[in-house]
Amino acid sequence: MTALRGNGAEQPNSSLRIAILLCEHVEGLGNAVNLAAIQQWFAEHDPAVVLRVVPQLCTARPAGLPDLLAALAVDRIVFGLCREQRHLERIAAQVRQAGLDPLGLETVNLGVAIVGPTDPETATRTARRLLAGAVAKVRSYPGSSVDNVKPRLPHRLSRRGFLGLPLLTNETVPSILRRQCAAERGCTLCAQACPHGALQPQDGEIVLEKMRCQSCAFCVTTCPREALFFPGSTSAQIEAQVRALLAPEPGEVQPYGLLYVCEEVATTLAAVQPGWLPVRLPCVAMVPPTWYLAPLLLGASVVGVLPCSAHCPPALTQTIEERVQFAQHFLQAVGFPSDLIQFRPIDASGPVAERSDIQSLRRYPEPPGAVFSLQPKIIASLLLELARLGSDPSGASSPSQQSAFAHHAAPLGIVQIDQAVCTACGLCAAICPTEALQAETTAEHWTLRFEAASCIACAQCVSVCPEQTRGAIRVHRMISWEQLLAGPRVLAQDRVTRCVRCGASIAPARMVDRVMALLGNESPGLRENLAQYCASCRFIAGPAAGRPEHDT
Amino acid sequence: MTRRNTEGKRPAQGQPATRLAAPDPAAWAQLATLRRALYRFLAVIYLPPDEDRYRQLLEAARTIRADRALLAHFHWYLHWQPLLDHLTNEHPPNVAELLRAYTSLFVIGPGGRPSCSLYASSYLDPDRRLAGFISLQVEQQYRTAGFVLAPQMHELPDHLAIELEFVAALCAYEAEAWQARAAAHLRAILQQERHFLDTFVGSWLPELARRLVHDDMTGVYSAAAEAATALVRHDLDLLAILLSQVDEV
Ligand code: SF4
Ligand code: SF4
């Protein structure tokens, strides 16, 4: 946690020492959690973890926390609490005092998560899973930078508050990893997505206006280049947490559901039936469609989402619903029950237990590579894998070569070019943030290639196309199995017109044709001059070829 | 190092009648006073080290560390720890070592040129010209605030230590303005602080910090640049918030 130069790229480091600090009241939760059993599990499975019970961890400022952390010489911390900690700012200060980055600490509210189980064994198992999930998450914490914090005024200033100084609170905000960002090419996806207008394109960069940022992390999952870094909510951290939460345990038969929970409603978790393993996020609208599907491959029996009802802007609630719908329809399309994904499962009675009879995806081997990544190629391979398993339970065959699955929330898309209208300007390829479209000019040809596995259907290519109103380019949100399997293909091609004087390339022939069409009845000399000569020869050859009669 | 020009042109206090209604201005005055002390501490680090200055520096570092329970409430404290570690551990670098490093880093480097200039002009002037228009702009800022260099200070106005000292002076003015509860005056000072941090100190400090990571063998100067960068970034955010609050009044 002392790593402060977060660039979002660091790998989880198994040599890091991690402390789990538990509230002394945890043992009384969920019909008596067996702390000794949890301690033993970690000693056997993850010896880098040290477990300590700390008095008053949930209630007040625990005494001597900086000294304890220094004595334990740990790199990361997980707090296992019996209820919501209302003094997190003070805890964070103590963590900072010990030289650790509080943005990397994880709190697990065991109180609300294990209140339902009726027997001590289940309570202990659930608590252990939740702690293991948090440990995996903090282990993947890549460190933060000064850009990831925004100070906020306290709600109430009191001179007696704290030695007379106003206590600022600190909020996590995203930072932009410039080396990964494609804003220079014109990408503005994140800026368009931010519901609070906090991200703005400025001189080929994306700039965050911290004052506007509401720390929802929604922007993070809109970036296909993973260039938005939000400590605590990176795709690698969430994947590590989910894998640990769902890790198979010998002899354990209970199915688990994975529940994405908005921070705002974390405390209402008590109403959720046992068996759900919560993953807290700044805002569940950040969950991209594939995060609903990926846990099914990692052992979840069912995946749910619990948004807050009061605080979420309607547009975000709609986004959540659309993505859930996509995941449900997708599952159905490839041969799985759609109710493996559930929206607000809070009212359902025992969803996980009841779903234990379904055709769970658990029996397939866990995918070794990243499945939560936001890179389109990984999204594509996850969808292909699910389609392969769904269409043939043995997992042996591929999805139908003919089929496609269209949905307005599909995370991938395909591009169509009308060759009769496209002028081969290449602007679409220049802006594409994922390089799904690539233009290449050789001595003879201009070629536009397209790879469906890299297309996120962001339609930025359409927005820059000068011929968009004439339908030169179209984007369809759909999963085209045929195109995904086919790999890169030529979407448009044209021969390059060459200068009749020096032989240098002028432009693709269709661009020259379009210019001629736009010139209409202009002088034949000008038309000939532009169509046959390169920029350098145009004026040298001007008189012979018919000098332009006026400036164009 | 500096003295205040009492006839200077810094915004006259209490002129507009607007009284600040923000809760507990005394607490904000205290925060401004703390920030002043921190900027002064950083300024001293970037002056040529001598016995006296060095002793004061170590003393100040120990005082800051002793206040860690309070300071750790600010996120920048995390970025100050390496610097405080350097200056408060059992064997801090001695004056001679620091002076050698200071000279080779900031005065005459191996090739006759310093590897990490302490002048804003070296980073912000397109021609890297010292005593050019950047120095003039900085001096203009000082004049506007009624801040004049002490006669014994023979440095260009855009030297890092002087820029930091100027920010410290602005913090002192800010503390007074909070106490006086004069919103318009306070707003003017906060705006000037923000402008100076954003346009001058904050715009080249990160580059200096980056260069020092490679070149500074003592670790003190690079840790100080990191600490200063973190404080400046934090203060820019803080000033934005304070300005929005003051504007609401
Ligand atoms: S979406 Fe990603 S690549 Fe595009 S501008 Fe935003 S941060 Fe950069
Ligand atoms: S975290 Fe939310 S509010 Fe902040 S920039 Fe990202 S989308 Fe906008």
# chains A, B, ... in the order shown; residues from 1 in each chain; ligands from 1
$ closest_atom_pairs --of "chain A" --to "ligand 1" --cutoff "6 Å" --atoms "only C-alpha atoms and all ligand atoms" --output "CSV"
residue,atom,partner,partner_atom_place_in_ligand_line,distance
A:Ile176,CA,ligand 1,7 (S),5.9
A:Cys181,CA,ligand 1,8 (Fe),3.6
A:Ala182,CA,ligand 1,3 (S),4.0
A:Ala183,CA,ligand 1,5 (S),4.1
A:Cys187,CA,ligand 1,4 (Fe),4.4
A:Thr188,CA,ligand 1,5 (S),4.3
A:Leu189,CA,ligand 1,1 (S),4.3
A:Cys190,CA,ligand 1,6 (Fe),4.2
A:Ile206,CA,ligand 1,5 (S),5.9
A:Cys223,CA,ligand 1,1 (S),3.9
A:Arg225,CA,ligand 1,3 (S),5.5
A:Ala227,CA,ligand 1,7 (S),4.7
A:Leu228,CA,ligand 1,7 (S),5.2
A:Pro433,CA,ligand 1,3 (S),5.9
$ select_by_dssp --residues "range 6-246 of chain B" --states "helix (DSSP H, G or I)" --output "ChimeraX atom specification"
/B:25-45,51-66,68-71,77-88,95-107,121-124,133-145,160-180,183-215,220-246
$ interface_residues --of "chain B" --to "chain A" --cutoff "12 Å" --atoms "only C-alpha atoms" --output "PyMOL selection string"
chain B and resi 22-35+65-82+84-85+206+226-245
$ closest_residue --among "A:Leu518, A:Ala486, A:Leu72, A:Val207" --to "ligand 2" --atoms "only C-alpha atoms and all ligand atoms"
A:Val207
$ residues_near_ligand --ligand "ligand 2" --cutoff "7 Å" --atoms "only C-alpha atoms and all ligand atoms" --output "list in words"
Val173, Pro174, Ala193, Cys194, Pro195, His196, Gly197, Ala198, Leu199, Leu208, Arg212, Cys213, Gln214, Ser215, Cys216, Ala217, Phe218, Cys219 and Val220 of chain A
$ closest_atom_pairs --of "range 24-85 of chain B" --to "range 141-156 of chain B" --cutoff "12 Å" --atoms "only C-alpha atoms" --output "CSV"
residue,atom,partner,partner_atom,distance
B:Tyr46,CA,B:Glu155,CA,11.9
B:Leu47,CA,B:Glu155,CA,10.0
B:Pro48,CA,B:Glu155,CA,11.3
$ write_last_selection --atoms "all heavy atoms" --output "CSV table (one decimal), in the first residue's frame"
chain,number,residue,atom,x,y,z
B,46,TYR,N,15.1,24.3,-0.2
B,46,TYR,CA,15.7,24.6,-1.5
B,46,TYR,C,16.6,25.8,-1.5
B,46,TYR,O,16.9,26.4,-2.5
B,46,TYR,CB,14.6,24.7,-2.6
B,46,TYR,CG,14.0,23.4,-2.9
B,46,TYR,CD1,12.8,23.0,-2.4
B,46,TYR,CD2,14.8,22.5,-3.6
B,46,TYR,CE1,12.3,21.7,-2.7
B,46,TYR,CE2,14.3,21.2,-3.9
B,46,TYR,CZ,13.1,20.8,-3.4
B,46,TYR,OH,12.6,19.5,-3.7
B,47,LEU,N,17.0,26.2,-0.3
B,47,LEU,CA,18.0,27.3,-0.2
B,47,LEU,C,19.3,26.6,0.0
B,47,LEU,O,19.4,25.5,0.6
B,47,LEU,CB,17.7,28.2,1.0
B,47,LEU,CG,16.5,29.2,0.7
B,47,LEU,CD1,16.2,29.9,2.0
B,47,LEU,CD2,16.9,30.2,-0.4
B,48,PRO,N,20.5,27.2,-0.3
B,48,PRO,CA,21.8,26.5,-0.1
B,48,PRO,C,21.9,26.2,1.4
B,48,PRO,O,21.7,27.0,2.2
B,48,PRO,CB,22.8,27.6,-0.5
B,48,PRO,CG,22.1,28.5,-1.4
B,48,PRO,CD,20.6,28.5,-1.0
$ closest_residue --among "A:Glu321, A:Leu298, A:Gln419, A:Leu485" --to "Arg388 in chain A" --atoms "only C-alpha atoms"
A:Leu485
$ select_by_dssp --residues "range 280-518 of chain A" --states "strand (DSSP E or B)" --output "mmCIF file with N, CA and C atoms, in the first residue's frame"
data_model
loop_
_atom_site.group_PDB
_atom_site.id
_atom_site.type_symbol
_atom_site.label_atom_id
_atom_site.label_comp_id
_atom_site.auth_asym_id
_atom_site.auth_seq_id
_atom_site.Cartn_x
_atom_site.Cartn_y
_atom_site.Cartn_z
ATOM 1 N N ARG A 280 -19.091 -4.826 -3.191
ATOM 2 C CA ARG A 280 -19.483 -3.414 -3.075
ATOM 3 C C ARG A 280 -18.770 -2.587 -4.130
ATOM 4 N N LEU A 281 -19.544 -1.730 -4.781
ATOM 5 C CA LEU A 281 -18.958 -0.857 -5.809
ATOM 6 C C LEU A 281 -19.419 0.569 -5.545
ATOM 7 N N VAL A 302 -25.572 -17.813 -9.566
ATOM 8 C CA VAL A 302 -26.449 -16.769 -10.060
ATOM 9 C C VAL A 302 -25.752 -15.435 -9.774
ATOM 10 N N VAL A 303 -26.054 -14.436 -10.578
ATOM 11 C CA VAL A 303 -25.445 -13.113 -10.371
ATOM 12 C C VAL A 303 -26.567 -12.087 -10.251
ATOM 13 N N GLY A 304 -26.467 -11.232 -9.237
ATOM 14 C CA GLY A 304 -27.506 -10.227 -9.038
ATOM 15 C C GLY A 304 -26.915 -8.842 -8.919
ATOM 16 N N VAL A 305 -27.796 -7.863 -8.993
ATOM 17 C CA VAL A 305 -27.344 -6.477 -8.815
ATOM 18 C C VAL A 305 -28.361 -5.741 -7.954
ATOM 19 N N LEU A 306 -27.824 -4.981 -7.025
ATOM 20 C CA LEU A 306 -28.688 -4.272 -6.086
ATOM 21 C C LEU A 306 -28.353 -2.785 -6.130
ATOM 22 N N ILE A 341 -29.188 -14.328 -14.124
ATOM 23 C CA ILE A 341 -28.881 -12.928 -13.811
ATOM 24 C C ILE A 341 -30.144 -12.303 -13.233
ATOM 25 N N GLN A 342 -30.023 -11.649 -12.088
ATOM 26 C CA GLN A 342 -31.222 -11.105 -11.446
ATOM 27 C C GLN A 342 -31.046 -9.637 -11.065
ATOM 28 N N PHE A 343 -32.085 -8.867 -11.386
ATOM 29 C CA PHE A 343 -32.093 -7.443 -11.036
ATOM 30 C C PHE A 343 -32.798 -7.285 -9.686
ATOM 31 N N ALA A 404 -26.076 -14.257 -35.252
ATOM 32 C CA ALA A 404 -25.634 -13.018 -34.632
ATOM 33 C C ALA A 404 -26.635 -12.704 -33.536
ATOM 34 N N PHE A 405 -26.183 -11.967 -32.534
ATOM 35 C CA PHE A 405 -27.077 -11.619 -31.437
ATOM 36 C C PHE A 405 -27.063 -10.104 -31.276
ATOM 37 N N ALA A 406 -28.182 -9.480 -31.616
ATOM 38 C CA ALA A 406 -28.244 -8.016 -31.555
ATOM 39 C C ALA A 406 -28.945 -7.580 -30.274
ATOM 40 N N GLY A 413 -19.755 -4.665 -31.316
ATOM 41 C CA GLY A 413 -20.554 -4.281 -32.474
ATOM 42 C C GLY A 413 -19.862 -4.607 -33.770
ATOM 43 N N ILE A 414 -20.528 -4.278 -34.852
ATOM 44 C CA ILE A 414 -19.899 -4.424 -36.160
ATOM 45 C C ILE A 414 -20.090 -3.131 -36.954
ATOM 46 N N VAL A 415 -19.179 -2.925 -37.877
ATOM 47 C CA VAL A 415 -19.212 -1.720 -38.700
ATOM 48 C C VAL A 415 -19.503 -2.132 -40.139
ATOM 49 N N GLN A 416 -20.350 -1.336 -40.784
ATOM 50 C CA GLN A 416 -20.631 -1.563 -42.207
ATOM 51 C C GLN A 416 -20.247 -0.312 -42.985
ATOM 52 N N ILE A 417 -19.634 -0.517 -44.124
ATOM 53 C CA ILE A 417 -19.254 0.627 -44.964
ATOM 54 C C ILE A 417 -19.996 0.497 -46.296
ATOM 55 N N LEU A 437 -10.922 -0.474 -36.418
ATOM 56 C CA LEU A 437 -10.805 -0.024 -37.805
ATOM 57 C C LEU A 437 -9.369 0.424 -38.030
ATOM 58 N N GLN A 438 -8.775 -0.080 -39.088
ATOM 59 C CA GLN A 438 -7.401 0.332 -39.393
ATOM 60 C C GLN A 438 -7.291 0.618 -40.881
ATOM 61 N N ALA A 439 -6.786 1.795 -41.193
ATOM 62 C CA ALA A 439 -6.615 2.157 -42.599
ATOM 63 C C ALA A 439 -5.138 2.038 -42.962
ATOM 64 N N GLU A 440 -4.907 1.554 -44.165
ATOM 65 C CA GLU A 440 -3.519 1.389 -44.595
ATOM 66 C C GLU A 440 -3.416 1.841 -46.052
ATOM 67 N N THR A 441 -2.374 2.591 -46.352
ATOM 68 C CA THR A 441 -2.173 3.010 -47.741
ATOM 69 C C THR A 441 -0.846 2.443 -48.237
ATOM 70 N N HIS A 445 -2.809 0.643 -53.184
ATOM 71 C CA HIS A 445 -4.165 0.591 -52.640
ATOM 72 C C HIS A 445 -4.322 1.312 -51.305
ATOM 73 N N TRP A 446 -5.539 1.761 -51.107
ATOM 74 C CA TRP A 446 -5.972 2.197 -49.777
ATOM 75 C C TRP A 446 -6.905 1.105 -49.272
ATOM 76 N N THR A 447 -6.648 0.623 -48.034
ATOM 77 C CA THR A 447 -7.455 -0.481 -47.506
ATOM 78 C C THR A 447 -7.952 -0.136 -46.113
ATOM 79 N N LEU A 448 -9.221 -0.431 -45.848
ATOM 80 C CA LEU A 448 -9.791 -0.253 -44.511
ATOM 81 C C LEU A 448 -10.129 -1.637 -43.973
ATOM 82 N N ARG A 449 -9.484 -2.005 -42.861
ATOM 83 C CA ARG A 449 -9.747 -3.323 -42.267
ATOM 84 C C ARG A 449 -10.565 -3.164 -40.999
ATOM 85 N N PHE A 450 -11.303 -4.197 -40.677
ATOM 86 C CA PHE A 450 -12.156 -4.167 -39.483
ATOM 87 C C PHE A 450 -12.049 -5.481 -38.740
ATOM 88 N N ILE A 473 -21.028 5.082 -43.344
ATOM 89 C CA ILE A 473 -20.620 4.135 -42.299
ATOM 90 C C ILE A 473 -21.778 3.925 -41.317
ATOM 91 N N ARG A 474 -21.938 2.682 -40.906
ATOM 92 C CA ARG A 474 -22.988 2.365 -39.927
ATOM 93 C C ARG A 474 -22.402 1.427 -38.892
ATOM 94 N N VAL A 475 -22.883 1.591 -37.651
ATOM 95 C CA VAL A 475 -22.429 0.696 -36.576
ATOM 96 C C VAL A 475 -23.650 -0.015 -36.014
ATOM 97 N N HIS A 476 -23.542 -1.302 -35.824
ATOM 98 C CA HIS A 476 -24.649 -2.067 -35.242
ATOM 99 C C HIS A 476 -24.163 -2.715 -33.959
ATOM 100 N N ARG A 477 -24.908 -2.491 -32.887
ATOM 101 C CA ARG A 477 -24.567 -3.183 -31.635
ATOM 102 C C ARG A 477 -25.020 -4.623 -31.771
ATOM 103 N N MET A 478 -24.107 -5.495 -31.940
ATOM 104 C CA MET A 478 -24.461 -6.914 -32.043
ATOM 105 C C MET A 478 -23.222 -7.787 -31.893
ATOM 106 N N ILE A 479 -23.488 -9.009 -31.494
ATOM 107 C CA ILE A 479 -22.394 -9.977 -31.420
ATOM 108 C C ILE A 479 -22.542 -10.833 -32.675
ATOM 109 N N SER A 480 -21.647 -10.646 -33.595
ATOM 110 C CA SER A 480 -21.698 -11.438 -34.825
ATOM 111 C C SER A 480 -20.682 -12.572 -34.682
ATOM 112 N N ARG A 489 -10.925 -8.333 -41.281
ATOM 113 C CA ARG A 489 -11.291 -8.505 -42.684
ATOM 114 C C ARG A 489 -11.308 -7.148 -43.378
ATOM 115 N N VAL A 490 -11.215 -7.212 -44.694
ATOM 116 C CA VAL A 490 -11.195 -5.958 -45.456
ATOM 117 C C VAL A 490 -12.630 -5.453 -45.595
ATOM 118 N N LEU A 491 -12.808 -4.201 -45.195
ATOM 119 C CA LEU A 491 -14.145 -3.625 -45.226
ATOM 120 C C LEU A 491 -14.314 -2.736 -46.462
ATOM 121 N N ALA A 492 -13.231 -2.105 -46.854
ATOM 122 C CA ALA A 492 -13.284 -1.252 -48.043
ATOM 123 C C ALA A 492 -11.885 -1.174 -48.640
ATOM 124 N N GLN A 493 -11.848 -1.067 -49.956
ATOM 125 C CA GLN A 493 -10.546 -0.970 -50.610
ATOM 126 C C GLN A 493 -10.691 -0.116 -51.869
ATOM 127 N N ASP A 494 -9.615 0.535 -52.218
ATOM 128 C CA ASP A 494 -9.670 1.377 -53.405
ATOM 129 C C ASP A 494 -8.261 1.520 -53.975
ATOM 130 N N ARG A 495 -8.221 1.775 -55.276
ATOM 131 C CA ARG A 495 -6.890 1.975 -55.846
ATOM 132 C C ARG A 495 -6.483 3.423 -55.602
ATOM 133 N N VAL A 496 -5.178 3.633 -55.532
ATOM 134 C CA VAL A 496 -4.659 4.981 -55.290
ATOM 135 C C VAL A 496 -4.389 5.653 -56.629
ATOM 136 N N THR A 497 -4.904 6.880 -56.809
ATOM 137 C CA THR A 497 -4.646 7.646 -58.035
ATOM 138 C C THR A 497 -3.238 8.243 -57.957
ATOM 139 N N ARG A 498 -2.534 8.180 -59.058
ATOM 140 C CA ARG A 498 -1.150 8.656 -59.027
ATOM 141 C C ARG A 498 -0.993 9.889 -59.924
ATOM 142 N N SER A 505 1.551 9.464 -55.087
ATOM 143 C CA SER A 505 0.120 9.198 -54.886
ATOM 144 C C SER A 505 -0.624 10.511 -54.641
ATOM 145 N N ILE A 506 -1.834 10.599 -55.179
ATOM 146 C CA ILE A 506 -2.655 11.801 -54.971
ATOM 147 C C ILE A 506 -3.642 11.526 -53.848
ATOM 148 N N ALA A 507 -4.462 10.527 -54.053
ATOM 149 C CA ALA A 507 -5.490 10.163 -53.064
ATOM 150 C C ALA A 507 -6.170 8.912 -53.585
ATOM 151 N N PRO A 508 -6.921 8.207 -52.709
ATOM 152 C CA PRO A 508 -7.698 7.080 -53.225
ATOM 153 C C PRO A 508 -8.663 7.581 -54.311
#
$ atom_distance --atom1 "CA of Ser454 in chain A" --atom2 "CA of Ser175 in chain A"
24.0 Å
$ closest_residue --among "A:Pro368, A:Ala134, A:Pro488, A:Leu177" --to "Asn148 in chain A" --atoms "only C-alpha atoms"
A:Leu177
$ residues_around --residues "range 115-121 of chain B" --least-positions-apart "6" --cutoff "6 Å" --atoms "only C-alpha atoms" --output "VMD selection string"
chain B and resid 105 to 106 109 128 130 134 158 to 160
$ write_last_selection --atoms "N, CA and C atoms" --output "tab-separated table (two decimals), in the first residue's frame"
chain	number	residue	atom	x	y	z
B	105	LEU	N	23.45	19.48	-8.12
B	105	LEU	CA	22.10	19.39	-8.71
B	105	LEU	C	21.62	20.74	-9.24
B	106	PHE	N	21.88	21.79	-8.44
B	106	PHE	CA	21.20	23.05	-8.74
B	106	PHE	C	22.12	24.20	-9.15
B	109	GLY	N	26.47	21.46	-12.35
B	109	GLY	CA	26.47	20.01	-12.50
B	109	GLY	C	27.76	19.52	-13.12
B	128	ARG	N	14.05	28.76	-22.50
B	128	ARG	CA	14.79	28.43	-21.27
B	128	ARG	C	15.66	29.60	-20.82
B	130	LEU	N	16.89	32.45	-18.53
B	130	LEU	CA	16.76	32.91	-17.15
B	130	LEU	C	16.60	34.43	-17.15
B	134	ILE	N	9.41	35.11	-17.78
B	134	ILE	CA	8.80	34.35	-16.68
B	134	ILE	C	9.15	35.01	-15.34
B	158	ASP	N	12.03	33.95	-9.67
B	158	ASP	CA	11.37	32.68	-9.98
B	158	ASP	C	12.12	31.47	-9.43
B	159	HIS	N	12.99	31.69	-8.46
B	159	HIS	CA	13.65	30.57	-7.78
B	159	HIS	C	12.60	29.83	-6.94
B	160	LEU	N	12.71	28.52	-6.90
B	160	LEU	CA	11.69	27.72	-6.22
B	160	LEU	C	11.50	28.17	-4.77
